[in-house]
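Enquirer: Just passing along the structure, written as structure tokens.
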Amino acid sequence: MKVSELGEFGLIELVSKVVDANRDSESAAWKQVLVGIGDDTAAWQGDGCVQLATTDSLVQGTHFDLKYMHWEDLGWKAIAVNLSDIAAMGGVPKYAMVSLALPGELDANCVVRLYQGMVEVASRFDVAIVGGNIASADKVNITVSLIGSLKGKTPLLRSAALPGDLVAVTGYTGLAAAGLQMLKHKLKLDPKSSELLSEAHLKPVPRVKEGQNLLRLGVKAAIDISDGLIADLTHVCKASKVSATINKDLVPVHNILETHFPDDCERLALAGGEDYELLFTASNTVMEKVKRSVSCPVTVIGEITEGTPGKVKIVDNAGRTPDWQKKGWEHFKSER
């Protein structure tokens, strides 16, 4: 079977099976592993605290287009997407390592600007960039590995959602995908809308403090929205072996989407990726604590239910089940 037929998540499952089949239960390293392949970060018991690690790549032509993305923005985003993974576990980010694959004819000043963007967002979240690697390639490929830690014994997990939990999301969804549309198609919007959508796509701000607060307040299950709200909720439901029902009319849609993308705002909010908001589940008691304590908007959009693992049912205010075929991003399958 080709990789394109298997898809991103099928490939992850295949790799995980290979690793798990050769896992040495007597190994000191494996004995300390708490979370392996399949969640937002890996986690293991370090000396004195739980350690977290994640890595992500941005590939020219797949994740970004330098026709409308400045090098500083690219640097920001390369670090930010990894920060968001740490946020989804409730962790504290600490150290970043950067590997670059670059064309030889690239102007060195572009690399300086790239790192200026990285340093800007890393400094904002008290992260040190401590090393990496450089190689030649036909197009730009940026891979960041981020190490963090946990102020507790158990991170937020995709696999911890329970039937009866409420499903909630921070902030708004769909803004990053709308920003991408605006930039790709050179749409002319008013200055305020243009700035907000550009920032949402080019310079997302990960919910690091919010993730730590969710963990502190008793939330058990979370994920960051990178592939799209429905797609990422599906990941949680599969990992937790549960189903979910969400009300599409409760999903927080920014008025800029309703104004400038009236015919597409529902798809953007439900399937648009790269928002890097946090999607999480919790009991009603914990959810009330979260809404009182977290500074950003928190919106309850549905409930975790028993049923087919990974199934997400969408309803509206009238209880109707609209036809919904759109999915979020998946490497290889979406690229086809």
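Within each chain, counting starts at residue 1; across the structure tokens, chains are named A, B, ... in the order shown, with ligands numbered 1 upward in that order.
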May I have the residues within 12 Å of Tyr68 (chain A) as an mmCIF file with C-alpha atoms, in the first residue's frame, using only C-alpha atoms and disregarding those fewer than 6 positions away in the same chain?
Expert:
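Once written, around21.cif looks like this:
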data_model
loop_
_atom_site.group_PDB
_atom_site.id
_atom_site.type_symbol
_atom_site.label_atom_id
_atom_site.label_comp_id
_atom_site.auth_asym_id
_atom_site.auth_seq_id
_atom_site.Cartn_x
_atom_site.Cartn_y
_atom_site.Cartn_z
ATOM 1 C CA GLY A 61 4.979 24.319 -0.799
ATOM 2 C CA LEU A 74 7.765 31.813 9.138
ATOM 3 C CA GLY A 179 -6.473 34.292 6.700
ATOM 4 C CA LEU A 180 -4.923 31.754 4.348
ATOM 5 C CA GLN A 181 -7.753 32.267 1.847
ATOM 6 C CA MET A 182 -7.340 36.024 2.051
ATOM 7 C CA LEU A 183 -3.575 35.833 1.449
ATOM 8 C CA LYS A 184 -3.690 33.205 -1.306
ATOM 9 C CA HIS A 185 -6.438 34.923 -3.267
ATOM 10 C CA LYS A 186 -5.281 38.484 -2.487
ATOM 11 C CA SER A 198 -3.126 37.772 8.659
ATOM 12 C CA HIS A 201 -2.618 32.543 9.957
ATOM 13 C CA LEU A 202 0.946 33.867 10.005
#
Enquirer: Run DSSP on the backbone of this structure and report the residues of region 133-246 of chain A it assigns to alpha helix (DSSP H), as a ChimeraX atom specification.
Expert: /A:175-184,191-202,208-217,229-240
Enquirer: With only C-alpha atoms as the counted atoms, please give the residues lying no more than 6 Å from Thr245 (chain A), apart from itself and same-chain residues fewer than 4 positions off, as a PyMOL selection string.
Expert: chain A and resi 302-303+312-314
Enquirer: Would you output that residue set with N, CA and C atoms, as a PDB file, in the first residue's frame?
Expert:
ATOM      1  N   GLY A 302     -20.509  20.987  22.977  1.00  0.00           N
ATOM      2  CA  GLY A 302     -21.095  19.663  22.866  1.00  0.00           C
ATOM      3  C   GLY A 302     -20.772  18.774  24.035  1.00  0.00           C
ATOM      4  N   GLU A 303     -20.882  17.452  23.803  1.00  0.00           N
ATOM      5  CA  GLU A 303     -20.734  16.481  24.891  1.00  0.00           C
ATOM      6  C   GLU A 303     -20.101  15.198  24.369  1.00  0.00           C
ATOM      7  N   VAL A 312     -18.091  11.513  15.460  1.00  0.00           N
ATOM      8  CA  VAL A 312     -18.526  12.834  15.900  1.00  0.00           C
ATOM      9  C   VAL A 312     -19.824  13.182  15.170  1.00  0.00           C
ATOM     10  N   LYS A 313     -20.887  13.336  15.925  1.00  0.00           N
ATOM     11  CA  LYS A 313     -22.188  13.695  15.372  1.00  0.00           C
ATOM     12  C   LYS A 313     -22.364  15.208  15.470  1.00  0.00           C
ATOM     13  N   ILE A 314     -22.844  15.809  14.390  1.00  0.00           N
ATOM     14  CA  ILE A 314     -23.054  17.260  14.360  1.00  0.00           C
ATOM     15  C   ILE A 314     -24.551  17.534  14.285  1.00  0.00           C
TER      16      ILE A 314
END
Enquirer: With only C-alpha atoms as the atoms that count, which of A:Glu105, A:Asp85, A:Asp316, A:Asp249 lies nearest to Ser226 (chain A)?
Expert: A:Asp85
Enquirer: Go through A:Leu162, A:Val112, A:Leu6, A:Ala135 one by one, measure the shortest atom-to-atom distance of each to Lys241 (chain A) using only C-alpha atoms, and give the residue with the smallest value.
Expert: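 Between A:Leu162, A:Val112, A:Leu6, A:Ala135, the residue approaching Lys241 (chain A) most closely is A:Leu162.
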Enquirer: Interatomic distance between CA of Val208 (chain A) and CA of Glu120 (chain A)?
Expert: 15.6 Å
Enquirer: Compile the contact shell of region 34-37 of chain A as an MDAnalysis selection string: residues with an atom at most 10 Å away, counting only C-alpha atoms, same-chain residues fewer than 2 positions apart removed.
Expert: chainID A and resid 12:13 15:17 19:20 30:32 39:45 50:52 153:155 157
Enquirer: If you measure from CA of Phe280 (chain A) to CA of Val300 (chain A), what distance in Å do you get, rounded to one decimal?
Expert: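 Between CA of Phe280 (chain A) and CA of Val300 (chain A) the gap is 9.4 Å.
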Enquirer: For CA of Glu274 (chain A) and CA of Phe64 (chain A), determine how far apart the two atoms are, in Å to one decimal place.
Expert: 11.9 Å
Enquirer: Closest to Cys237 (chain A) among A:Ala161, A:Ala178, A:Ile225, A:Val290, using only C-alpha atoms?
Expert: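 Of the candidates, the smallest distance to Cys237 (chain A) is held by A:Ala161.
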Enquirer: Please identify all polymer residues within 9 Å of Thr170 (chain A), counting only C-alpha atoms, omitting same-chain residues fewer than 3 positions from it, and present them as a list in words.
Expert: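 The neighbour list is Thr173, Arg207, Glu210, Pro252, Glu277, Leu278, Leu279, Phe280, Cys296, Pro297, Val298 and Thr299 of chain A.
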Enquirer: Nearest to Ala200 (chain A) among A:Lys77, A:Arg292, A:Lys151, A:Arg158, with distances taken over only C-alpha atoms: which residue is it?
Expert: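 Closest residue, counting only C-alpha atoms: A:Lys77.
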Enquirer: With distances taken over only C-alpha atoms, which residue among A:Gly117, A:Leu100, A:Phe9, A:Ala88 lies nearest His235 (chain A)?
Expert: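 Closest candidate: A:Phe9.
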Enquirer: List the spatial neighbours of Val81 (chain A) as a PyMOL selection string - criterion: any atom at most 8 Å away, only C-alpha atoms, same-chain residues fewer than 3 positions off excluded.
Expert: chain A and resi 56+77-78+84-85+206+276
